[in-house]
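For reference, model26.cif is printed below; it contains mmCIF, C-alpha atoms.
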```cif
data_structure
loop_
_atom_site.label_atom_id
_atom_site.label_comp_id
_atom_site.auth_asym_id
_atom_site.auth_seq_id
_atom_site.Cartn_x
_atom_site.Cartn_y
_atom_site.Cartn_z
CA MET A 1 272.00 2.26 -38.92
CA THR A 2 269.56 4.63 -37.22
CA GLU A 3 266.46 2.90 -35.83
CA ILE A 4 263.21 4.40 -37.06
CA ASN A 5 262.14 5.38 -33.54
CA HIS A 6 265.29 7.46 -33.22
CA LEU A 7 264.24 9.66 -36.12
CA PRO A 8 262.96 13.16 -35.32
CA GLU A 9 259.20 13.15 -34.71
CA ASP A 10 258.59 15.26 -37.82
CA ALA A 11 260.38 12.67 -39.97
CA LEU A 12 258.43 9.78 -38.44
CA LEU A 13 255.18 11.71 -38.96
CA GLU A 14 256.04 12.18 -42.63
CA ILE A 15 256.74 8.46 -43.06
CA LEU A 16 253.56 7.35 -41.27
CA SER A 17 251.46 9.85 -43.23
CA LEU A 18 252.25 7.80 -46.36
CA VAL A 19 250.83 4.60 -44.87
CA PRO A 20 247.19 3.70 -45.73
CA ALA A 21 244.76 4.57 -42.95
CA ARG A 22 243.63 0.97 -42.41
CA ASP A 23 247.22 -0.21 -41.88
CA LEU A 24 247.91 2.70 -39.53
CA ILE A 25 244.98 1.82 -37.28
CA LEU A 26 245.08 -1.99 -37.41
CA ARG A 27 248.83 -2.62 -37.61
CA CYS A 28 251.09 0.35 -37.01
CA SER A 29 249.31 1.50 -33.85
CA ARG A 30 250.25 -1.86 -32.26
CA VAL A 31 253.99 -1.53 -32.89
CA CYS A 32 254.70 0.41 -29.71
CA ALA A 33 253.23 3.04 -27.38
CA TYR A 34 255.19 5.80 -29.16
CA TRP A 35 253.71 4.95 -32.56
CA LYS A 36 250.21 4.65 -31.09
CA GLU A 37 250.55 8.10 -29.55
CA ILE A 38 251.50 9.60 -32.92
CA ILE A 39 248.76 7.73 -34.79
CA ASP A 40 246.13 8.83 -32.26
CA SER A 41 247.22 12.47 -32.49
CA PRO A 42 245.37 14.95 -34.76
CA THR A 43 248.63 16.07 -36.40
CA LEU A 44 249.08 12.90 -38.47
CA TRP A 45 245.51 13.01 -39.77
CA ILE A 46 245.68 16.71 -40.55
CA ILE A 47 248.69 15.95 -42.76
CA LYS A 48 246.82 13.13 -44.49
CA CYS A 49 243.71 15.29 -44.99
CA GLN A 50 245.75 18.12 -46.48
CA ARG A 51 247.61 15.77 -48.80
CA ALA A 52 244.37 14.17 -49.99
CA GLY A 53 242.66 17.54 -50.53
CA TYR A 54 239.87 16.86 -48.02
CA ILE A 55 240.07 20.34 -46.50
CA SER A 56 240.06 23.67 -48.27
CA LYS A 57 240.95 27.25 -47.46
CA ALA A 58 237.22 28.02 -47.35
CA CYS A 59 236.72 25.85 -44.25
CA LYS A 60 235.71 27.99 -41.28
CA LYS A 61 236.27 25.41 -38.54
CA SER A 62 238.16 22.19 -37.82
CA PRO A 63 236.72 18.69 -37.47
CA SER A 64 236.05 17.51 -33.93
CA ASP A 65 237.95 14.30 -34.72
CA TRP A 66 240.48 14.40 -37.57
CA LYS A 67 240.88 10.62 -37.76
CA LYS A 68 237.15 10.04 -38.21
CA PHE A 69 236.93 12.95 -40.65
CA TYR A 70 239.71 11.46 -42.81
CA TYR A 71 238.12 8.01 -42.77
CA ILE A 72 234.67 9.24 -43.83
CA CYS A 73 236.19 11.37 -46.61
CA SER A 74 238.32 8.49 -47.87
CA VAL A 75 235.42 6.04 -48.22
CA LYS A 76 232.79 8.54 -49.41
CA ARG A 77 230.99 7.35 -52.54
CA ASN A 78 227.52 7.02 -53.98
CA LEU A 79 225.85 4.08 -52.26
CA LEU A 80 223.21 3.81 -54.99
CA ARG A 81 224.16 1.54 -57.87
CA ASN A 82 223.39 2.37 -61.50
CA PRO A 83 222.03 5.85 -60.71
CA CYS A 84 222.28 7.14 -64.29
CA ALA A 85 220.71 4.23 -66.21
CA MET A 86 224.01 3.18 -67.78
CA GLU A 87 223.23 -0.47 -66.89
CA GLY A 88 219.60 -0.47 -67.92
CA MET A 89 217.29 -1.21 -64.99
CA ASN A 90 219.89 -3.34 -63.20
CA CYS A 91 220.18 -2.86 -59.41
CA TRP A 92 216.70 -1.30 -59.17
CA THR A 93 213.61 -2.98 -57.77
CA ILE A 94 210.57 -2.02 -59.85
CA GLU A 95 207.69 -1.42 -57.42
CA ARG A 96 205.20 0.23 -59.78
CA ASN A 97 205.32 -0.05 -63.55
CA GLY A 98 202.17 1.71 -64.69
CA GLY A 99 201.18 2.96 -68.12
CA ASP A 100 203.74 1.94 -70.71
CA ARG A 101 206.24 1.13 -67.93
CA TRP A 102 209.64 2.59 -67.09
CA LYS A 103 211.92 3.44 -70.01
CA ILE A 104 215.49 4.70 -70.47
CA GLU A 105 216.24 7.57 -72.84
CA ASP A 106 219.27 9.61 -73.87
CA LEU A 107 219.71 13.18 -72.69
CA PRO A 108 218.37 15.73 -73.44
CA GLY A 109 215.39 13.80 -74.85
CA GLU A 110 212.43 15.32 -76.68
CA HIS A 111 211.34 18.66 -75.18
CA GLY A 112 214.10 18.31 -72.57
CA GLN A 113 217.33 19.90 -71.44
CA HIS A 114 220.83 18.67 -70.68
CA LEU A 115 221.86 18.03 -67.10
CA PRO A 116 224.53 20.40 -65.69
CA ASP A 117 226.82 17.37 -65.29
CA GLU A 118 227.80 16.55 -68.87
CA LYS A 119 229.05 13.09 -67.86
CA VAL A 120 225.44 12.01 -67.30
CA THR A 121 224.03 10.91 -70.64
CA GLN A 122 220.88 8.93 -69.82
CA TYR A 123 217.82 9.08 -67.58
CA PHE A 124 214.88 6.95 -66.45
CA VAL A 125 211.47 8.17 -67.63
CA THR A 126 207.97 7.39 -66.34
CA SER A 127 204.69 6.89 -68.17
CA TYR A 128 200.99 7.78 -67.72
CA GLY A 129 200.55 5.31 -64.85
CA MET A 130 202.46 5.54 -61.56
CA CYS A 131 206.05 4.29 -61.86
CA LYS A 132 208.23 3.72 -58.80
CA LYS A 133 211.59 2.02 -58.31
CA SER A 134 213.78 1.53 -55.27
CA GLN A 135 217.05 0.31 -53.80
CA LEU A 136 217.78 -1.04 -50.32
CA ILE A 137 221.30 -0.19 -49.12
CA ALA A 138 222.81 -2.51 -46.50
CA LEU A 139 225.24 -0.22 -44.69
CA LYS A 140 227.45 -2.96 -43.26
CA LYS A 141 227.98 -4.46 -46.72
CA ALA A 142 228.78 -0.97 -47.99
CA GLY A 143 231.62 -0.68 -45.45
CA TYR A 144 229.87 1.20 -42.67
CA GLY A 145 229.82 -1.14 -39.68
CA ASN A 146 227.28 -1.18 -36.87
CA ARG A 147 229.63 0.32 -34.28
CA PHE A 148 230.63 3.10 -36.65
CA MET A 149 227.02 4.03 -37.47
CA ASP A 150 225.92 3.95 -33.83
CA ALA A 151 228.87 5.86 -32.38
CA ILE A 152 229.49 8.43 -35.11
CA GLN A 153 226.01 8.79 -36.63
CA PRO A 154 227.50 10.50 -39.70
CA ALA A 155 225.36 12.75 -41.87
CA ILE A 156 223.55 10.88 -44.64
CA THR A 157 222.83 13.06 -47.68
CA VAL A 158 220.30 12.22 -50.39
CA LYS A 159 220.24 13.99 -53.74
CA ASP A 160 217.96 13.28 -56.69
CA TRP A 161 217.70 15.00 -60.07
CA PHE A 162 214.33 15.22 -61.81
CA ALA A 163 212.77 17.10 -64.73
CA PRO A 164 209.55 17.20 -66.77
CA ARG A 165 209.10 17.30 -70.51
CA ARG A 166 208.27 20.81 -71.67
CA ASP A 167 205.11 19.71 -73.48
CA CYS A 168 203.46 17.66 -70.71
CA GLY A 169 202.73 18.10 -67.03
CA SER A 170 204.16 15.55 -64.61
CA MET A 171 204.49 14.58 -60.96
CA TYR A 172 207.63 13.57 -59.04
CA LYS A 173 207.78 11.57 -55.79
CA LEU A 174 210.61 10.67 -53.41
CA CYS A 175 210.73 8.61 -50.23
CA VAL A 176 213.87 7.80 -48.22
CA ARG A 177 213.88 5.88 -44.95
CA LEU A 178 216.57 4.98 -42.44
CA LEU A 179 215.79 1.45 -41.26
CA SER A 180 216.74 -0.74 -38.32
CA LYS A 181 218.05 -4.31 -38.44
CA LYS A 182 214.42 -5.49 -38.61
CA LYS A 183 213.66 -2.95 -41.38
CA GLN A 184 211.62 -0.71 -39.08
CA THR A 185 211.63 3.01 -39.89
CA ILE A 186 213.88 5.12 -37.64
CA GLN A 187 213.67 8.32 -39.66
CA GLU A 188 211.94 9.23 -42.93
CA PHE A 189 212.13 11.91 -45.59
CA LEU A 190 208.83 12.05 -47.47
CA PRO A 191 208.37 15.43 -49.18
CA GLU A 192 205.13 16.45 -50.84
CA PRO A 193 204.89 15.35 -54.49
CA VAL A 194 206.27 17.96 -56.89
CA MET A 195 203.75 18.96 -59.55
CA MET A 196 205.13 20.41 -62.80
CA GLU A 197 202.89 22.20 -65.26
CA GLN A 198 202.70 21.72 -69.02
CA TRP A 199 204.91 24.15 -70.98
CA SER A 200 207.40 24.54 -68.17
CA ASP A 201 211.06 25.29 -68.91
CA ALA A 202 211.89 21.56 -68.48
CA LYS A 203 214.96 22.41 -66.39
CA TRP A 204 216.49 19.73 -64.17
CA GLN A 205 215.88 20.28 -60.47
CA THR A 206 217.29 18.60 -57.34
CA MET A 207 215.60 17.23 -54.28
CA THR A 208 218.07 17.08 -51.39
CA HIS A 209 217.93 16.11 -47.75
CA THR A 210 220.48 15.37 -45.02
CA PHE A 211 219.72 13.05 -42.11
CA ARG A 212 221.40 13.99 -38.81
CA ASP A 213 221.04 13.00 -35.15
CA TYR A 214 219.00 9.93 -36.04
CA GLY A 215 220.19 7.84 -33.10
CA PRO A 216 221.70 4.35 -32.98
CA GLY A 217 220.39 1.32 -34.82
CA VAL A 218 220.42 2.41 -38.49
CA ARG A 219 221.38 -0.59 -40.63
CA TYR A 220 219.70 0.07 -43.98
CA ILE A 221 218.74 2.98 -46.22
CA TYR A 222 215.65 2.60 -48.39
CA PHE A 223 215.52 4.90 -51.43
CA GLN A 224 212.42 5.11 -53.64
CA HIS A 225 211.50 7.60 -56.37
CA GLY A 226 209.26 7.91 -59.39
CA GLY A 227 206.11 9.58 -60.65
CA GLN A 228 204.03 9.87 -63.81
CA ASP A 229 202.66 12.32 -66.34
CA THR A 230 199.53 14.21 -65.32
CA GLN A 231 197.80 14.23 -68.69
CA PHE A 232 197.64 10.45 -69.18
CA TRP A 233 199.23 10.42 -72.62
CA ALA A 234 200.31 7.03 -73.95
CA GLY A 235 204.07 6.73 -74.11
CA TRP A 236 206.74 8.29 -71.91
CA TYR A 237 205.70 11.83 -71.06
CA GLY A 238 206.17 11.57 -67.28
CA VAL A 239 208.88 12.83 -64.95
CA ARG A 240 212.50 11.99 -65.73
CA VAL A 241 215.01 11.01 -63.01
CA THR A 242 218.75 10.40 -63.00
CA ASN A 243 222.04 10.97 -61.15
CA SER A 244 220.51 9.99 -57.81
CA SER A 245 222.88 9.65 -54.85
CA VAL A 246 223.04 8.59 -51.21
CA THR A 247 226.32 9.43 -49.48
CA ILE A 248 227.78 9.23 -45.99
CA GLU A 249 229.12 12.73 -45.42
CA PRO A 250 232.08 14.01 -43.37
CA GLU A 251 231.56 16.66 -40.74
CA ASP A 252 230.39 20.02 -42.09
CA LEU A 253 233.22 22.56 -41.80
CA SER A 254 231.41 25.47 -43.42
CA GLU A 255 229.64 26.88 -40.36
#
```
Starting from the coordinates I provided, produce the structure as structure tokens.
Amino acid sequence: MTEINHLPEDALLEILSLVPARDLILRCSRVCAYWKEIIDSPTLWIIKCQRAGYISKACKKSPSDWKKFYYICSVKRNLLRNPCAMEGMNCWTIERNGGDRWKIEDLPGEHGQHLPDEKVTQYFVTSYGMCKKSQLIALKKAGYGNRFMDAIQPAITVKDWFAPRRDCGSMYKLCVRLLSKKKQTIQEFLPEPVMMEQWSDAKWQTMTHTFRDYGPGVRYIYFQHGGQDTQFWAGWYGVRVTNSSVTIEPEDLSE
């Protein structure tokens, strides 16, 4: 019987490319120096990236480290829980609950429009007093260890959808902070409040931001959003928010 190390390198590459990344790094790389050399080479991870669909023909450059690129792509997910109100107010910390308080409604809602993503069916809506809610993301618990965050400093992208009612003016606010172990601010995204006039088109808009080059020490991400209506009408005429996301992004290959 032919020993596996006597197989042609292409055949061994094909076999190892089928092994989960975690097992490759923690187990297979310890088998022998030959296997470690293959696992540390870009070729294996290029194969895995291609098979998983993590790279496209539109990419204009290659990652600086294919192994890290594959890992970030494979664990990428929305770190915010219950972003589309499908679980009520669960997972959110209510910081301000003014007027008639936060409420959940079904899309498109009165004097509203559907979101481009048809899978999103609900939203959070504010009232005539300031309403704010937040989540604190512990990166280590989310699978992004301290050494990884300090050495790689991957891009952190925030995206939030918001919209007014057509018949009432409203205000939208967003604050996102990268925090240290002691919850001190390392970097902050605090855009000016967005003011929306009465009788607008009520289209959904996005607020986006990507954190880069923020230095070592980031252990938490604090996400807060909210707002209110600007005409102080009883009920729920304020800004609507849904489909919020915070993601750890792979290297940008579009440049």
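Once the PyMOL selection byres ((chain A and resi 240) around 6) is applied to this file, the selection holds A:Phe124, A:Val125, A:Phe162, A:Ala163, A:Val239, A:Val241.
The coordinates place CA of Phe189 (chain A) at 22.8 Å from CA of Ile72 (chain A).
For the structure shown here, the set of residues caught by the PyMOL selection byres ((chain A and resi 104-119) around 8) is Ala85, Gly88, Trp102, Lys103, Val120, Thr121, Gln122, Tyr123, Phe124, Val125, Pro164, Arg165, Arg166, Asp167, Ala202, Lys203 and Trp204 of chain A.
Using all atoms listed in the file, the nearest neighbour of Glu251 (chain A) within the list A:Met130, A:Met195, A:Cys59, A:Leu174 is A:Cys59.
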Kindly resolve the PyMOL selection byres ((chain A and resi 129) around 9) on the present coordinates and return the residues as a ChimeraX atom specification.
-> /A:96-101,126-128,130-131,227-230,232,238
Output file for the residues above (C-alpha atoms, as a PDB file, in the frame of the given file):
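Result went into again-v8.pdb, see below:
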```pdb
ATOM      1  CA  ARG A  96     205.200   0.230 -59.780  1.00  0.00           C
ATOM      2  CA  ASN A  97     205.320  -0.050 -63.550  1.00  0.00           C
ATOM      3  CA  GLY A  98     202.170   1.710 -64.690  1.00  0.00           C
ATOM      4  CA  GLY A  99     201.180   2.960 -68.120  1.00  0.00           C
ATOM      5  CA  ASP A 100     203.740   1.940 -70.710  1.00  0.00           C
ATOM      6  CA  ARG A 101     206.240   1.130 -67.930  1.00  0.00           C
ATOM      7  CA  THR A 126     207.970   7.390 -66.340  1.00  0.00           C
ATOM      8  CA  SER A 127     204.690   6.890 -68.170  1.00  0.00           C
ATOM      9  CA  TYR A 128     200.990   7.780 -67.720  1.00  0.00           C
ATOM     10  CA  MET A 130     202.460   5.540 -61.560  1.00  0.00           C
ATOM     11  CA  CYS A 131     206.050   4.290 -61.860  1.00  0.00           C
ATOM     12  CA  GLY A 227     206.110   9.580 -60.650  1.00  0.00           C
ATOM     13  CA  GLN A 228     204.030   9.870 -63.810  1.00  0.00           C
ATOM     14  CA  ASP A 229     202.660  12.320 -66.340  1.00  0.00           C
ATOM     15  CA  THR A 230     199.530  14.210 -65.320  1.00  0.00           C
ATOM     16  CA  PHE A 232     197.640  10.450 -69.180  1.00  0.00           C
ATOM     17  CA  GLY A 238     206.170  11.570 -67.280  1.00  0.00           C
TER      18      GLY A 238
END
```
Distance query 6 Å from (213.1, 0.1, -57.0) using all atoms listed in the file, result as a PDB file with C-alpha atoms, in the coordinates of the input:
```pdb
ATOM      1  CA  TRP A  92     216.700  -1.300 -59.170  1.00  0.00           C
ATOM      2  CA  THR A  93     213.610  -2.980 -57.770  1.00  0.00           C
ATOM      3  CA  ILE A  94     210.570  -2.020 -59.850  1.00  0.00           C
ATOM      4  CA  GLU A  95     207.690  -1.420 -57.420  1.00  0.00           C
ATOM      5  CA  LYS A 133     211.590   2.020 -58.310  1.00  0.00           C
ATOM      6  CA  SER A 134     213.780   1.530 -55.270  1.00  0.00           C
ATOM      7  CA  GLN A 135     217.050   0.310 -53.800  1.00  0.00           C
TER       8      GLN A 135
END
```
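Comparing A:Pro154, A:Gly169, A:Gly217, A:Gly226 by their smallest distance to Thr185 (chain A), the closest is A:Gly217 (using all atoms listed in the file).
Going from CA of Leu12 (chain A) to CA of Leu44 (chain A) covers 9.9 Å.
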Quick one: 8 Å padding each side, axis-aligned, all listed atoms of region 103-117 of chain A - centre and edge lengths in Å to one decimal, as JSON?
```
{"center_x": 219.1, "center_y": 11.9, "center_z": -71.0, "size_x": 31.5, "size_y": 33.0, "size_z": 27.4}
```
Go through A:Cys168, A:Arg30, A:Ser62, A:Tyr70 and flag the residue nearest Ser17 (chain A), using only C-alpha atoms for the distances.
-> A:Tyr70
